[in-house]
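The block underneath contains the structure these notes are about, expressed in structure tokens.
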Amino acid sequence: MSMPFRFKTRTLLIAASLAGALGLAWVAFSKPQTEGGTLVAVSSQDRSGRYRRGSAAFERGDYAEARRQLAGLAASYPALAERIGLKLAVASGEGRRWLEAHPKSPLVPDALALLARQDRAALLQLLNRYSDHYRTREALERALVRDPDDRSLAGPLIARFPESTLAYAMATRREKTGALSPAEWQLVASIYRRVNAKQALAAYERAPAIPENLLERARLQRKLGDKPAARELYELVPRRFPKSPLVLDAAFERAELLGAGEAFAALEPLERAFAERGDEVLWARSQIAVRQLSAPEMAIPLYRRLVERYPTSAKAPNAAWELAAQSAERGNTGAARSYARWLVRNHPADPFAPKAAFWLGKWAEQAGAAAEARSQFREVLKRYPRSYYAWRSATRLGLADGSYDIDRAVVSVRWSQPPLPLEGTSAALRELLALGEISEAEQQWQSETYRRKLSPAQKLAESQLRARLGQHLRSINQATLTLLAAPPADPRAWEQAYPLFYAPGLRQWSQQRKLNPLLVASLIRQESRFEPAVRSRSGAMGLMQIMPATARFIAEREPGAFELTNPVDNLRLGTWYLRYTHERFGGSTMLALASYNAGPGNVSKWLKRNPVTNEEDFIEQIPFKETRFYVVNIYENYWNYLRLYSSQGRQALAAIDGRTAMGGSN
């Protein structure tokens, strides 16, 4: 089943505007567009215009105009005949007859939702047959706007659609208008949790004292700053529910409130008590040793036990890499290579596998085994062609430019890309997209795919639709996961995972700041996935995730009003700061990126302790794990953008493909 979209329907907007005030008494609908008080004339030859005008009239309730525009149009739009027929039927009072004639149509929920505006039986039918359909949510919201005291509908909205803007208003109203059962308090608490921690805590205290609710109460107490109360609740879970699987979760979270030594000791007996999750216990203890006790040597036996006792666990590759890295640091490259080989062999799809595979080549290179090193680097290119370590391997083999100062690289970017085909989609969806009816296309897609398992092609099509709707983060993430799981026949499909959204502004400000535009795109992909309104937990905002204080610092040197959620403003300020970090660190892109994430002050401190003699090695030694991954991920992004959008990248790709196909002869 596909994940639901963010809906921007008229009903949701009505609900959002009325939810806060709770004065849900009436709804005002927009008037038809006019010119000088007269309806715009319609040409009978204009198919697309007639469809748009008819659909707009239908949505605003002008059924006479809808019938006039849509009548006879189905023959001209066979792909949309069913949608047109439904609108005409509802506009003519024949909606029930349409349902009888189309019992298996994917538009049945749409028809029921339209009928539910005046027919409660249709609403109940929709609720029973399509309990989690987005049309059900719309119908519930519309009905509750009319009658906010209808408890029979408020409960399903709260339970099934807690993300609804109206759910919080309904929860508050239910609390004020009558006594709630413990189960109802739990529903209300789940809504409050998203909005108000104090309200949620009070509601959870009236909900059933089950392990899940005790944990939620503890988390809320932590959020509110009452650590003693949180600790008491964590300790209550094993006392009351010793056999609950959540006992271990409570123990992990309780450990975060203890001193490092106490937490390390408290978790030790849990490995035996929860053998099926013993790998999690070992990993948690190892991280306490490394991060809080600053005693990495205490983690080594824990890593070994994790690999030996839980070789198939998700944490085993992490532990194996730590053992490999620490062995290499102590000069024991034999042990390092053994752990790295184990990791690649047993966990080839793990994120650490490309790194382990590359270092196998690098250790062979350091040992003077040139042929073995080249063979290993070719293997990295073959198995992990889109990874950062593929770029480093291609550099070793002389197939790509390996300079870390990619700011200085001159690249010719293909800004105009032909559209990718929409495979696995209906003619109706494609027709709606061709018409520019994106909202209706979204509705069509949701109806067609409701409770259906999507094929890889359909997941990519959904990713494209999300991009058209401006849902860039979800589009990129869905495309990336789909393409990794099912590599496409057409390599252009990877453009969905590495897009060039906001290309005009990206091009303009990269050129003005004398920055490599693919570097800027790579940074944006890492920072925000091209979401202009995203805000981090630390307060960074927009495409290039600029902190308000940093924006003020820039504004003192780059005058002009700005709004960080405006893509053009964000690009203007973000590219200024990226140029600034380059100049501060002598033109080094690697240090500029590290500075962009960790701050110039931290990078300056690292340089005093560990001057850059080899950029590749310096990255691996960055003290902040987040910054280390950040820099690697941006270079990985750049490697993929280069391959997709530049002649240099395509030439390197052709050389790599030819070399790997021939077995990598030199």
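Following the order of the structure tokens, chains are lettered A, B, ..., residues in each are numbered from 1, and ligands are numbered from 1.
Using only C-alpha atoms, the residues found no farther than 8 Å from segment 146-156 of chain A, other than those of its own chain fewer than 2 positions away, are A:Leu24, A:Ala25, A:Trp26, A:Leu140, A:Arg142, A:Ala143, A:Leu144, A:Ile158, A:Ala159, A:Arg160, A:Phe161, A:Ala167, A:Met170, A:Ala171, A:Arg173, A:Arg174.
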If we count only C-alpha atoms, what is near Val290 of chain A at a cut-off of 12 Å, once residues fewer than 4 positions away on the same chain are taken out, given as a ChimeraX atom specification? /A:260-261,264,283-286,294-300,302-303,322
Generate a file of the selected residues that holds all heavy atoms, formatted as a short mmCIF file (atom, residue, chain, number, x, y, z; two decimals), in the first residue's frame.
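File selection34.cif, as written:
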```
data_model
loop_
_atom_site.label_atom_id
_atom_site.label_comp_id
_atom_site.auth_asym_id
_atom_site.auth_seq_id
_atom_site.Cartn_x
_atom_site.Cartn_y
_atom_site.Cartn_z
N ALA A 260 27.45 7.59 33.07
CA ALA A 260 27.98 6.64 32.10
C ALA A 260 28.34 5.30 32.74
O ALA A 260 27.97 4.24 32.22
CB ALA A 260 29.20 7.25 31.42
N GLY A 261 29.06 5.34 33.86
CA GLY A 261 29.46 4.08 34.51
C GLY A 261 28.26 3.29 34.98
O GLY A 261 28.20 2.05 34.81
N PHE A 264 26.47 1.78 31.93
CA PHE A 264 27.23 0.66 31.36
C PHE A 264 26.99 -0.62 32.16
O PHE A 264 26.77 -1.69 31.59
CB PHE A 264 28.72 1.03 31.36
CG PHE A 264 29.60 0.05 30.63
CD1 PHE A 264 29.72 0.09 29.25
CD2 PHE A 264 30.30 -0.92 31.33
CE1 PHE A 264 30.53 -0.81 28.58
CE2 PHE A 264 31.12 -1.83 30.68
CZ PHE A 264 31.24 -1.77 29.29
N TRP A 283 25.68 -3.33 21.54
CA TRP A 283 25.98 -2.10 20.82
C TRP A 283 25.78 -0.88 21.72
O TRP A 283 26.60 0.04 21.70
CB TRP A 283 25.10 -1.99 19.57
CG TRP A 283 25.42 -0.77 18.77
CD1 TRP A 283 24.70 0.38 18.69
CD2 TRP A 283 26.58 -0.56 17.96
NE1 TRP A 283 25.33 1.29 17.87
CE2 TRP A 283 26.49 0.74 17.42
CE3 TRP A 283 27.68 -1.35 17.64
CZ2 TRP A 283 27.46 1.27 16.56
CZ3 TRP A 283 28.65 -0.82 16.80
CH2 TRP A 283 28.54 0.47 16.27
N ALA A 284 24.71 -0.87 22.49
CA ALA A 284 24.46 0.26 23.39
C ALA A 284 25.60 0.41 24.39
O ALA A 284 26.08 1.53 24.64
CB ALA A 284 23.13 0.06 24.11
N ARG A 285 26.07 -0.69 24.94
CA ARG A 285 27.16 -0.62 25.91
C ARG A 285 28.46 -0.16 25.24
O ARG A 285 29.24 0.62 25.83
CB ARG A 285 27.37 -1.98 26.58
CG ARG A 285 26.17 -2.45 27.41
CD ARG A 285 26.49 -3.73 28.15
NE ARG A 285 27.41 -3.50 29.25
CZ ARG A 285 28.38 -4.34 29.62
NH1 ARG A 285 28.59 -5.46 28.93
NH2 ARG A 285 29.16 -4.06 30.63
N SER A 286 28.69 -0.61 24.02
CA SER A 286 29.92 -0.20 23.32
C SER A 286 29.92 1.31 23.06
O SER A 286 30.96 1.96 23.17
CB SER A 286 30.06 -0.96 21.99
OG SER A 286 29.10 -0.52 21.04
N SER A 294 34.82 7.54 27.14
CA SER A 294 36.06 7.81 26.38
C SER A 294 37.06 6.67 26.55
O SER A 294 38.26 6.88 26.74
CB SER A 294 36.70 9.14 26.82
OG SER A 294 35.80 10.20 26.59
N ALA A 295 36.53 5.45 26.47
CA ALA A 295 37.36 4.26 26.66
C ALA A 295 37.09 3.27 25.52
O ALA A 295 36.42 2.25 25.71
CB ALA A 295 37.06 3.61 28.01
N PRO A 296 37.57 3.58 24.30
CA PRO A 296 37.29 2.70 23.16
C PRO A 296 37.79 1.28 23.35
O PRO A 296 37.25 0.35 22.76
CB PRO A 296 37.98 3.41 21.99
CG PRO A 296 38.97 4.35 22.61
CD PRO A 296 38.39 4.75 23.92
N GLU A 297 38.83 1.11 24.18
CA GLU A 297 39.34 -0.25 24.40
C GLU A 297 38.30 -1.14 25.10
O GLU A 297 38.29 -2.36 24.92
CB GLU A 297 40.63 -0.21 25.21
CG GLU A 297 40.49 0.25 26.66
CD GLU A 297 40.35 1.75 26.83
OE1 GLU A 297 40.46 2.48 25.82
OE2 GLU A 297 40.14 2.19 27.97
N MET A 298 37.39 -0.52 25.89
CA MET A 298 36.34 -1.29 26.55
C MET A 298 35.31 -1.80 25.55
O MET A 298 34.58 -2.77 25.82
CB MET A 298 35.64 -0.43 27.61
CG MET A 298 36.50 -0.07 28.80
SD MET A 298 35.63 1.04 29.96
CE MET A 298 34.27 0.00 30.48
N ALA A 299 35.24 -1.15 24.39
CA ALA A 299 34.25 -1.55 23.40
C ALA A 299 34.71 -2.73 22.56
O ALA A 299 33.87 -3.45 22.00
CB ALA A 299 33.93 -0.37 22.48
N ILE A 300 36.02 -2.98 22.47
CA ILE A 300 36.53 -4.01 21.57
C ILE A 300 35.96 -5.40 21.88
O ILE A 300 35.45 -6.08 20.98
CB ILE A 300 38.07 -4.02 21.58
CG1 ILE A 300 38.59 -2.72 20.95
CG2 ILE A 300 38.61 -5.24 20.83
CD1 ILE A 300 40.09 -2.56 21.00
N LEU A 302 33.22 -6.11 23.29
CA LEU A 302 31.78 -6.07 23.00
C LEU A 302 31.54 -6.20 21.50
O LEU A 302 30.62 -6.91 21.07
CB LEU A 302 31.18 -4.76 23.52
CG LEU A 302 31.30 -4.52 25.03
CD1 LEU A 302 30.82 -3.12 25.39
CD2 LEU A 302 30.48 -5.56 25.80
N TYR A 303 32.36 -5.52 20.70
CA TYR A 303 32.25 -5.66 19.24
C TYR A 303 32.49 -7.11 18.82
O TYR A 303 31.76 -7.65 17.98
CB TYR A 303 33.28 -4.77 18.54
CG TYR A 303 33.04 -3.28 18.67
CD1 TYR A 303 34.12 -2.39 18.79
CD2 TYR A 303 31.76 -2.74 18.65
CE1 TYR A 303 33.93 -1.02 18.88
CE2 TYR A 303 31.57 -1.36 18.74
CZ TYR A 303 32.65 -0.52 18.87
OH TYR A 303 32.46 0.84 18.96
N GLU A 322 34.23 -1.39 13.02
CA GLU A 322 34.98 -0.80 14.14
C GLU A 322 36.19 -1.67 14.46
O GLU A 322 37.29 -1.16 14.73
CB GLU A 322 34.08 -0.65 15.36
CG GLU A 322 32.99 0.39 15.22
CD GLU A 322 33.53 1.80 15.05
OE1 GLU A 322 34.65 2.07 15.51
OE2 GLU A 322 32.83 2.63 14.45
#
```
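Excluding Gly334 of chain A and any residue on its chain fewer than 5 positions from it, the residues at most 12 Å away by only C-alpha atoms are Leu323, Ala324, Ala325, Gln326, Ser327, Ala328, Glu329, Tyr339, Ala340, Arg341, Leu360, Trp363, Ala364 and Ala367 of chain A.
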Residues near segment 464-475 of chain A, anyone? I mean within 7 Å using only C-alpha atoms, not counting same-chain ones fewer than 3 positions away, as an MDAnalysis selection string. chainID A and resid 438 460:461 478:479 529:531
Going by DSSP on the backbone, which bits of segment 311-364 of chain A are alpha helix (DSSP H)? Write them as JSON, numbers by chain, please. {"A": [316, 317, 318, 319, 320, 321, 322, 323, 324, 325, 326, 327, 328, 329, 333, 334, 335, 336, 337, 338, 339, 340, 341, 342, 343, 344, 345, 346, 353, 354, 355, 356, 357, 358, 359, 360, 361, 362, 363, 364]}
May I have the selected residues written with C-alpha atoms, as a PDB file, in the first residue's frame?
```pdb
ATOM      1  CA  ALA A 316      27.114  -6.745  13.273  1.00  0.00           C
ATOM      2  CA  PRO A 317      28.473  -4.819  10.246  1.00  0.00           C
ATOM      3  CA  ASN A 318      28.977  -1.714  12.398  1.00  0.00           C
ATOM      4  CA  ALA A 319      30.880  -3.763  14.939  1.00  0.00           C
ATOM      5  CA  ALA A 320      32.945  -5.522  12.259  1.00  0.00           C
ATOM      6  CA  TRP A 321      33.993  -2.211  10.748  1.00  0.00           C
ATOM      7  CA  GLU A 322      34.983  -0.805  14.135  1.00  0.00           C
ATOM      8  CA  LEU A 323      37.124  -3.891  14.711  1.00  0.00           C
ATOM      9  CA  ALA A 324      38.695  -3.518  11.252  1.00  0.00           C
ATOM     10  CA  ALA A 325      39.439   0.185  11.747  1.00  0.00           C
ATOM     11  CA  GLN A 326      40.894  -0.287  15.221  1.00  0.00           C
ATOM     12  CA  SER A 327      43.023  -3.218  14.029  1.00  0.00           C
ATOM     13  CA  ALA A 328      44.417  -1.108  11.196  1.00  0.00           C
ATOM     14  CA  GLU A 329      45.119   1.754  13.583  1.00  0.00           C
ATOM     15  CA  THR A 333      46.311  -4.999   8.821  1.00  0.00           C
ATOM     16  CA  GLY A 334      45.862  -8.772   8.677  1.00  0.00           C
ATOM     17  CA  ALA A 335      43.073  -8.619  11.252  1.00  0.00           C
ATOM     18  CA  ALA A 336      41.680  -5.475   9.651  1.00  0.00           C
ATOM     19  CA  ARG A 337      41.406  -7.168   6.257  1.00  0.00           C
ATOM     20  CA  SER A 338      39.859 -10.251   7.833  1.00  0.00           C
ATOM     21  CA  TYR A 339      37.060  -8.243   9.469  1.00  0.00           C
ATOM     22  CA  ALA A 340      36.516  -6.173   6.305  1.00  0.00           C
ATOM     23  CA  ARG A 341      36.226  -9.325   4.160  1.00  0.00           C
ATOM     24  CA  TRP A 342      33.766 -10.787   6.657  1.00  0.00           C
ATOM     25  CA  LEU A 343      31.657  -7.643   6.455  1.00  0.00           C
ATOM     26  CA  VAL A 344      31.549  -7.539   2.642  1.00  0.00           C
ATOM     27  CA  ARG A 345      30.888 -11.265   2.371  1.00  0.00           C
ATOM     28  CA  ASN A 346      28.142 -11.485   4.993  1.00  0.00           C
ATOM     29  CA  ALA A 353      30.195  -2.585   2.833  1.00  0.00           C
ATOM     30  CA  PRO A 354      31.436  -0.104   0.154  1.00  0.00           C
ATOM     31  CA  LYS A 355      33.793   1.426   2.694  1.00  0.00           C
ATOM     32  CA  ALA A 356      35.136  -1.971   3.768  1.00  0.00           C
ATOM     33  CA  ALA A 357      35.559  -3.054   0.149  1.00  0.00           C
ATOM     34  CA  PHE A 358      37.476   0.134  -0.698  1.00  0.00           C
ATOM     35  CA  TRP A 359      39.787  -0.161   2.293  1.00  0.00           C
ATOM     36  CA  LEU A 360      40.601  -3.729   1.339  1.00  0.00           C
ATOM     37  CA  GLY A 361      42.031  -2.228  -1.839  1.00  0.00           C
ATOM     38  CA  LYS A 362      43.732   0.600   0.007  1.00  0.00           C
ATOM     39  CA  TRP A 363      45.387  -1.733   2.508  1.00  0.00           C
ATOM     40  CA  ALA A 364      46.598  -3.893  -0.389  1.00  0.00           C
TER      41      ALA A 364
END
```
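Taking only C-alpha atoms into account, Ala250 of chain A lies nearest to A:Arg217 out of the set A:Lys223, A:Arg217, A:Arg378, A:Arg206.
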Long-range neighbours of Ala113 of chain A as a PDB file with N, CA, C and O atoms, in the first residue's frame, 9 Å cut-off, only C-alpha atoms, 4 positions minimum in chain:
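What ended up in out-v5.pdb:
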```pdb
ATOM      1  N   VAL A 108     -15.013   4.526  -6.843  1.00  0.00           N
ATOM      2  CA  VAL A 108     -16.136   4.329  -5.918  1.00  0.00           C
ATOM      3  C   VAL A 108     -15.970   5.164  -4.643  1.00  0.00           C
ATOM      4  O   VAL A 108     -16.926   5.815  -4.201  1.00  0.00           O
ATOM      5  N   PRO A 109     -14.774   5.197  -4.010  1.00  0.00           N
ATOM      6  CA  PRO A 109     -14.637   6.057  -2.821  1.00  0.00           C
ATOM      7  C   PRO A 109     -14.893   7.534  -3.132  1.00  0.00           C
ATOM      8  O   PRO A 109     -15.478   8.245  -2.320  1.00  0.00           O
ATOM      9  N   ARG A 117     -21.838  14.138   1.173  1.00  0.00           N
ATOM     10  CA  ARG A 117     -22.063  15.541   1.526  1.00  0.00           C
ATOM     11  C   ARG A 117     -23.525  15.787   1.919  1.00  0.00           C
ATOM     12  O   ARG A 117     -23.810  16.690   2.701  1.00  0.00           O
ATOM     13  N   ALA A 122     -24.227   7.178   2.784  1.00  0.00           N
ATOM     14  CA  ALA A 122     -23.029   7.068   1.953  1.00  0.00           C
ATOM     15  C   ALA A 122     -21.770   7.269   2.786  1.00  0.00           C
ATOM     16  O   ALA A 122     -20.754   6.605   2.567  1.00  0.00           O
ATOM     17  N   LEU A 123     -21.833   8.177   3.763  1.00  0.00           N
ATOM     18  CA  LEU A 123     -20.687   8.402   4.644  1.00  0.00           C
ATOM     19  C   LEU A 123     -20.379   7.148   5.455  1.00  0.00           C
ATOM     20  O   LEU A 123     -19.218   6.745   5.579  1.00  0.00           O
ATOM     21  N   LEU A 126     -18.861   4.565   3.237  1.00  0.00           N
ATOM     22  CA  LEU A 126     -17.461   4.921   2.991  1.00  0.00           C
ATOM     23  C   LEU A 126     -16.594   4.550   4.184  1.00  0.00           C
ATOM     24  O   LEU A 126     -15.497   3.989   4.032  1.00  0.00           O
ATOM     25  N   ARG A 135     -10.300   9.823   0.997  1.00  0.00           N
ATOM     26  CA  ARG A 135     -11.636  10.354   0.782  1.00  0.00           C
ATOM     27  C   ARG A 135     -12.493  10.207   2.043  1.00  0.00           C
ATOM     28  O   ARG A 135     -13.373  11.038   2.307  1.00  0.00           O
ATOM     29  N   THR A 136     -12.241   9.152   2.813  1.00  0.00           N
ATOM     30  CA  THR A 136     -12.958   8.972   4.076  1.00  0.00           C
ATOM     31  C   THR A 136     -12.584  10.086   5.040  1.00  0.00           C
ATOM     32  O   THR A 136     -13.439  10.643   5.731  1.00  0.00           O
ATOM     33  N   GLU A 138     -11.581  13.111   4.238  1.00  0.00           N
ATOM     34  CA  GLU A 138     -12.228  14.332   3.773  1.00  0.00           C
ATOM     35  C   GLU A 138     -13.702  14.369   4.174  1.00  0.00           C
ATOM     36  O   GLU A 138     -14.212  15.404   4.626  1.00  0.00           O
ATOM     37  N   ALA A 139     -14.372  13.231   3.980  1.00  0.00           N
ATOM     38  CA  ALA A 139     -15.804  13.188   4.287  1.00  0.00           C
ATOM     39  C   ALA A 139     -16.055  13.377   5.780  1.00  0.00           C
ATOM     40  O   ALA A 139     -17.006  14.060   6.182  1.00  0.00           O
TER      41      ALA A 139
END
```
Selection near Ala493 of chain A, 8 Å with only C-alpha atoms, sequence-local residues under 3 positions removed, as a PDB file with all heavy atoms, in the first residue's frame:
```
ATOM      1  N   LEU A 420      11.077  11.758 -18.063  1.00  0.00           N
ATOM      2  CA  LEU A 420      11.140  10.308 -17.970  1.00  0.00           C
ATOM      3  C   LEU A 420       9.751   9.717 -18.191  1.00  0.00           C
ATOM      4  O   LEU A 420       8.742  10.323 -17.811  1.00  0.00           O
ATOM      5  CB  LEU A 420      11.664   9.894 -16.593  1.00  0.00           C
ATOM      6  CG  LEU A 420      13.116  10.264 -16.314  1.00  0.00           C
ATOM      7  CD1 LEU A 420      13.417  10.146 -14.833  1.00  0.00           C
ATOM      8  CD2 LEU A 420      14.055   9.370 -17.111  1.00  0.00           C
ATOM      9  N   LEU A 483      15.181   2.501  -6.479  1.00  0.00           N
ATOM     10  CA  LEU A 483      16.246   2.234  -7.446  1.00  0.00           C
ATOM     11  C   LEU A 483      17.344   1.356  -6.857  1.00  0.00           C
ATOM     12  O   LEU A 483      17.938   0.539  -7.575  1.00  0.00           O
ATOM     13  CB  LEU A 483      16.829   3.559  -7.936  1.00  0.00           C
ATOM     14  CG  LEU A 483      15.863   4.399  -8.795  1.00  0.00           C
ATOM     15  CD1 LEU A 483      16.373   5.828  -8.929  1.00  0.00           C
ATOM     16  CD2 LEU A 483      15.681   3.765 -10.164  1.00  0.00           C
ATOM     17  N   PRO A 488      17.330   0.107 -12.345  1.00  0.00           N
ATOM     18  CA  PRO A 488      16.540   0.256 -13.567  1.00  0.00           C
ATOM     19  C   PRO A 488      17.328  -0.077 -14.825  1.00  0.00           C
ATOM     20  O   PRO A 488      18.556  -0.019 -14.843  1.00  0.00           O
ATOM     21  CB  PRO A 488      16.174   1.743 -13.547  1.00  0.00           C
ATOM     22  CG  PRO A 488      17.364   2.382 -12.892  1.00  0.00           C
ATOM     23  CD  PRO A 488      17.842   1.396 -11.847  1.00  0.00           C
ATOM     24  N   ASP A 490      16.939   1.732 -17.543  1.00  0.00           N
ATOM     25  CA  ASP A 490      17.291   3.061 -18.054  1.00  0.00           C
ATOM     26  C   ASP A 490      18.015   3.837 -16.954  1.00  0.00           C
ATOM     27  O   ASP A 490      17.405   4.202 -15.948  1.00  0.00           O
ATOM     28  CB  ASP A 490      16.020   3.804 -18.466  1.00  0.00           C
ATOM     29  CG  ASP A 490      16.313   5.167 -19.110  1.00  0.00           C
ATOM     30  OD1 ASP A 490      17.486   5.588 -19.069  1.00  0.00           O
ATOM     31  OD2 ASP A 490      15.377   5.791 -19.623  1.00  0.00           O
ATOM     32  N   GLN A 496      15.704  10.868 -10.833  1.00  0.00           N
ATOM     33  CA  GLN A 496      14.675  11.080  -9.815  1.00  0.00           C
ATOM     34  C   GLN A 496      15.277  11.091  -8.417  1.00  0.00           C
ATOM     35  O   GLN A 496      14.752  11.747  -7.517  1.00  0.00           O
ATOM     36  CB  GLN A 496      13.603   9.994  -9.907  1.00  0.00           C
ATOM     37  CG  GLN A 496      12.752  10.093 -11.149  1.00  0.00           C
ATOM     38  CD  GLN A 496      11.670   9.035 -11.171  1.00  0.00           C
ATOM     39  OE1 GLN A 496      11.558   8.275 -12.129  1.00  0.00           O
ATOM     40  NE2 GLN A 496      10.856   8.970 -10.141  1.00  0.00           N
ATOM     41  N   ALA A 497      16.357  10.355  -8.228  1.00  0.00           N
ATOM     42  CA  ALA A 497      17.018  10.325  -6.922  1.00  0.00           C
ATOM     43  C   ALA A 497      17.986  11.491  -6.757  1.00  0.00           C
ATOM     44  O   ALA A 497      18.289  11.900  -5.624  1.00  0.00           O
ATOM     45  CB  ALA A 497      17.760   8.998  -6.739  1.00  0.00           C
TER      46      ALA A 497
END
```
